[in-house]
Structures are given as structure tokens and as C-alpha cells.
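Source file: final_1.csv; contents: CSV, C-alpha atoms.
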chain,number,residue,atom,x,y,z
A,20,MET,CA,7.6,7.2,15.1
A,21,ALA,CA,11.4,6.9,15.3
A,22,THR,CA,13.3,8.5,12.4
A,23,LYS,CA,16.7,8.0,10.9
A,24,LYS,CA,18.6,10.6,9.1
A,25,ILE,CA,19.9,9.7,5.6
A,26,THR,CA,21.6,11.6,2.8
A,27,VAL,CA,20.0,11.6,-0.7
A,28,SER,CA,21.1,13.3,-3.9
A,29,LEU,CA,18.4,14.7,-6.1
A,30,ASP,CA,18.4,16.6,-9.4
A,31,ILE,CA,17.8,20.3,-9.2
A,32,ASP,CA,14.3,20.1,-10.8
A,33,THR,CA,13.2,17.7,-8.1
A,34,VAL,CA,14.5,19.9,-5.3
A,35,GLU,CA,12.9,22.9,-6.8
A,36,GLY,CA,9.6,21.0,-7.0
A,37,ILE,CA,9.9,20.0,-3.4
A,38,ASP,CA,10.7,23.5,-2.3
A,39,CYS,CA,7.6,24.8,-4.2
A,40,LEU,CA,5.4,22.4,-2.3
A,41,VAL,CA,7.0,23.6,1.0
A,42,GLN,CA,6.4,27.2,0.0
A,43,GLN,CA,2.8,26.4,-0.8
A,44,ARG,CA,2.6,25.0,2.7
A,45,LYS,CA,1.7,21.5,1.3
A,46,HIS,CA,4.4,20.2,3.6
A,47,LYS,CA,6.2,21.6,6.6
A,48,ASN,CA,9.7,21.1,5.2
A,49,ARG,CA,11.7,19.1,2.6
A,50,SER,CA,12.0,16.1,4.8
A,51,GLN,CA,8.2,15.8,5.3
A,52,ALA,CA,7.6,16.2,1.6
A,53,ILE,CA,10.1,13.5,0.7
A,54,GLN,CA,8.9,11.2,3.5
A,55,ASN,CA,5.2,11.6,2.4
A,56,ALA,CA,6.1,11.0,-1.2
A,57,LEU,CA,8.0,7.8,-0.4
A,58,LYS,CA,5.3,6.5,1.9
A,59,GLU,CA,2.8,7.0,-0.9
A,60,TYR,CA,5.0,5.3,-3.4
A,61,LEU,CA,5.7,2.3,-1.1
A,62,GLN,CA,1.9,1.9,-0.5
A,63,LYS,CA,1.3,2.0,-4.3
A,64,ILE,CA,3.9,-0.7,-4.9
A,65,GLU,CA,2.5,-2.8,-2.0
A,66,LYS,CA,-1.0,-2.5,-3.5
A,67,GLN,CA,0.3,-3.4,-7.0
A,68,GLN,CA,2.0,-6.5,-5.6
A,69,LEU,CA,-1.2,-7.5,-3.9
A,70,TYR,CA,-3.2,-7.1,-7.1
A,71,GLU,CA,-0.6,-9.2,-8.9
A,72,GLU,CA,-1.0,-12.0,-6.4
A,73,ILE,CA,-4.8,-11.8,-6.6
A,74,ASP,CA,-4.5,-12.2,-10.4
A,75,LYS,CA,-2.6,-15.4,-9.9
A,76,LEU,CA,-5.5,-17.0,-8.0
A,77,ASP,CA,-7.8,-19.4,-9.7
A,78,GLN,CA,-11.2,-17.9,-8.9
A,79,LYS,CA,-13.1,-21.2,-9.5
A,80,ALA,CA,-10.8,-23.1,-7.2
A,81,GLU,CA,-11.0,-20.4,-4.5
A,82,MET,CA,-14.8,-20.4,-4.7
A,83,LYS,CA,-15.0,-24.1,-4.4
A,84,VAL,CA,-12.8,-24.0,-1.2
A,85,ALA,CA,-15.0,-21.2,0.2
A,86,GLU,CA,-18.2,-23.1,-0.5
A,87,GLU,CA,-16.8,-26.3,1.0
A,88,GLY,CA,-16.0,-24.4,4.2
A,89,PHE,CA,-19.5,-22.8,4.2
A,90,ASP,CA,-21.2,-26.1,3.7
A,91,ALA,CA,-19.2,-27.6,6.7
A,92,VAL,CA,-20.4,-24.7,8.9
A,93,ASN,CA,-24.0,-25.2,7.8
A,94,GLU,CA,-23.9,-28.9,8.7
A,95,ILE,CA,-22.7,-28.0,12.2
A,96,TRP,CA,-25.5,-25.4,12.7
A,97,GLU,CA,-28.3,-27.4,11.2
A,98,ASP,CA,-28.9,-29.1,14.6
A,99,TYR,CA,-29.7,-25.7,16.2
Target format C-alpha cells, applied to this file:
Amino acid sequence: MATKKITVSLDIDTVEGIDCLVQQRKHKNRSQAIQNALKEYLQKIEKQQLYEEIDKLDQKAEMKVAEEGFDAVNEIWEDY
């Protein structure tokens, strides 16, 4: 995967926490630790957004549409 170098300012406690993870060999280096943390965070946000969209769905209406589609398929296959 291609990478791009950026500059980020972090508070001392966060840097020390990252360094601790690197020393414990949880990550190869600071960059990997930060990249993994950000990937995990972005996945969490994406999943949360998906759940929010799911919550907006009308389950009864979705079930009706699904059943209508299923009934149409059954009608086609009844001849076989």
C-alpha cells in the first residue's frame, strides 16, 4: 500500500503511550502504532454510521419489499 508522510502534533502523554506500545513490541514503530489506531478508529466510525443508517430503515416496509421479491421468484420457478 502506498504511504504518504504527514506531520502530527500530539501531547506528551499520548507520545509516551505510543512509545510504550512500541517498547512492548505491540507495534514496530510509532508510525505503525498511529496508523493501526487510526485504521481501527475509522472502521469503528464507519460501522457506527452503518448502524445509524440501519436504524433509519422501516423494518416492516423492508420485509414487505423482500417478500414481494421472493413471491415473484417463486412464481417463476413454480413451472419447474
Handout entry: Closest of A:Val27, A:Leu69, A:Met82, A:Ile53 to Val41 in chain A - atom-to-atom distances counting only C-alpha atoms
Key =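 Checking each candidate against Val41 in chain A, we get A:Ile53 as the closest.
With all atoms listed in the file as the atoms that count, the residue of A:Gln54, A:Asn48, A:Gln42, A:Gln68 with the shortest distance to Ile25 in chain A is A:Gln54.
Take the candidates A:Ala80, A:Ile64, A:Asp38, A:Ala85 and check each one against Gln51 in chain A using all atoms listed in the file; the shortest distance goes to A:Asp38.
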Problem - d(CA of Gly36 in chain A, CA of Leu61 in chain A) in Å - result: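 One can read the CA of Gly36 in chain A to CA of Leu61 in chain A distance as 20.0 Å.
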Practice task
Please indicate the distance in Å from CA of Leu57 in chain A to CA of Lys45 in chain A, rounded to one decimal place.
Solution key: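 Distance reported for this atom pair: 15.2 Å.
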Because some atoms of range 21-47 of chain A are absent here, can you restore N, CA and C atoms and send them as an mmCIF file, keeping the file's coordinate frame?
data_model
loop_
_atom_site.group_PDB
_atom_site.id
_atom_site.type_symbol
_atom_site.label_atom_id
_atom_site.label_comp_id
_atom_site.auth_asym_id
_atom_site.auth_seq_id
_atom_site.Cartn_x
_atom_site.Cartn_y
_atom_site.Cartn_z
ATOM 1 N N ALA A 21 9.921 6.676 15.282
ATOM 2 C CA ALA A 21 11.400 6.900 15.300
ATOM 3 C C ALA A 21 11.789 7.292 13.840
ATOM 4 N N THR A 22 12.751 8.153 13.736
ATOM 5 C CA THR A 22 13.300 8.500 12.400
ATOM 6 C C THR A 22 14.759 8.266 12.359
ATOM 7 N N LYS A 23 15.237 8.176 11.143
ATOM 8 C CA LYS A 23 16.700 8.000 10.900
ATOM 9 C C LYS A 23 17.077 8.938 9.811
ATOM 10 N N LYS A 24 18.144 9.635 10.030
ATOM 11 C CA LYS A 24 18.600 10.600 9.100
ATOM 12 C C LYS A 24 19.446 9.911 7.993
ATOM 13 N N ILE A 25 19.154 10.241 6.726
ATOM 14 C CA ILE A 25 19.900 9.700 5.600
ATOM 15 C C ILE A 25 20.275 10.850 4.664
ATOM 16 N N THR A 26 21.162 10.577 3.768
ATOM 17 C CA THR A 26 21.600 11.600 2.800
ATOM 18 C C THR A 26 21.109 11.069 1.407
ATOM 19 N N VAL A 27 20.475 11.968 0.641
ATOM 20 C CA VAL A 27 20.000 11.600 -0.700
ATOM 21 C C VAL A 27 20.380 12.708 -1.658
ATOM 22 N N SER A 28 20.816 12.297 -2.822
ATOM 23 C CA SER A 28 21.100 13.300 -3.900
ATOM 24 C C SER A 28 19.988 13.300 -4.870
ATOM 25 N N LEU A 29 19.518 14.513 -5.163
ATOM 26 C CA LEU A 29 18.400 14.700 -6.100
ATOM 27 C C LEU A 29 18.775 15.722 -7.147
ATOM 28 N N ASP A 30 18.164 15.586 -8.318
ATOM 29 C CA ASP A 30 18.400 16.600 -9.400
ATOM 30 C C ASP A 30 17.768 17.911 -8.979
ATOM 31 N N ILE A 31 18.272 18.980 -9.549
ATOM 32 C CA ILE A 31 17.800 20.300 -9.200
ATOM 33 C C ILE A 31 16.323 20.510 -9.418
ATOM 34 N N ASP A 32 15.778 19.990 -10.510
ATOM 35 C CA ASP A 32 14.300 20.100 -10.800
ATOM 36 C C ASP A 32 13.500 19.510 -9.679
ATOM 37 N N THR A 33 13.920 18.372 -9.207
ATOM 38 C CA THR A 33 13.200 17.700 -8.100
ATOM 39 C C THR A 33 13.230 18.522 -6.852
ATOM 40 N N VAL A 34 14.391 19.033 -6.510
ATOM 41 C CA VAL A 34 14.500 19.900 -5.300
ATOM 42 C C VAL A 34 13.678 21.118 -5.428
ATOM 43 N N GLU A 35 13.682 21.735 -6.588
ATOM 44 C CA GLU A 35 12.900 22.900 -6.800
ATOM 45 C C GLU A 35 11.370 22.604 -6.658
ATOM 46 N N GLY A 36 10.973 21.446 -7.159
ATOM 47 C CA GLY A 36 9.600 21.000 -7.000
ATOM 48 C C GLY A 36 9.209 20.802 -5.553
ATOM 49 N N ILE A 37 10.117 20.192 -4.803
ATOM 50 C CA ILE A 37 9.900 20.000 -3.400
ATOM 51 C C ILE A 37 9.800 21.314 -2.652
ATOM 52 N N ASP A 38 10.717 22.204 -2.970
ATOM 53 C CA ASP A 38 10.700 23.500 -2.300
ATOM 54 C C ASP A 38 9.413 24.284 -2.649
ATOM 55 N N CYS A 39 8.906 24.116 -3.840
ATOM 56 C CA CYS A 39 7.600 24.800 -4.200
ATOM 57 C C CYS A 39 6.502 24.235 -3.358
ATOM 58 N N LEU A 40 6.475 22.932 -3.128
ATOM 59 C CA LEU A 40 5.400 22.400 -2.300
ATOM 60 C C LEU A 40 5.540 22.887 -0.840
ATOM 61 N N VAL A 41 6.763 23.040 -0.361
ATOM 62 C CA VAL A 41 7.000 23.600 1.000
ATOM 63 C C VAL A 41 6.516 25.030 1.044
ATOM 64 N N GLN A 42 6.853 25.820 0.025
ATOM 65 C CA GLN A 42 6.400 27.200 0.000
ATOM 66 C C GLN A 42 4.926 27.368 -0.068
ATOM 67 N N GLN A 43 4.263 26.428 -0.734
ATOM 68 C CA GLN A 43 2.800 26.400 -0.800
ATOM 69 C C GLN A 43 2.159 25.871 0.436
ATOM 70 N N ARG A 44 3.000 25.526 1.398
ATOM 71 C CA ARG A 44 2.600 25.000 2.700
ATOM 72 C C ARG A 44 1.834 23.625 2.526
ATOM 73 N N LYS A 45 2.197 22.885 1.483
ATOM 74 C CA LYS A 45 1.700 21.500 1.300
ATOM 75 C C LYS A 45 2.363 20.577 2.290
ATOM 76 N N HIS A 46 3.599 20.934 2.666
ATOM 77 C CA HIS A 46 4.400 20.200 3.600
ATOM 78 C C HIS A 46 5.149 21.161 4.502
ATOM 79 N N LYS A 47 5.483 20.730 5.723
ATOM 80 C CA LYS A 47 6.200 21.600 6.600
ATOM 81 C C LYS A 47 7.625 21.921 6.157
#
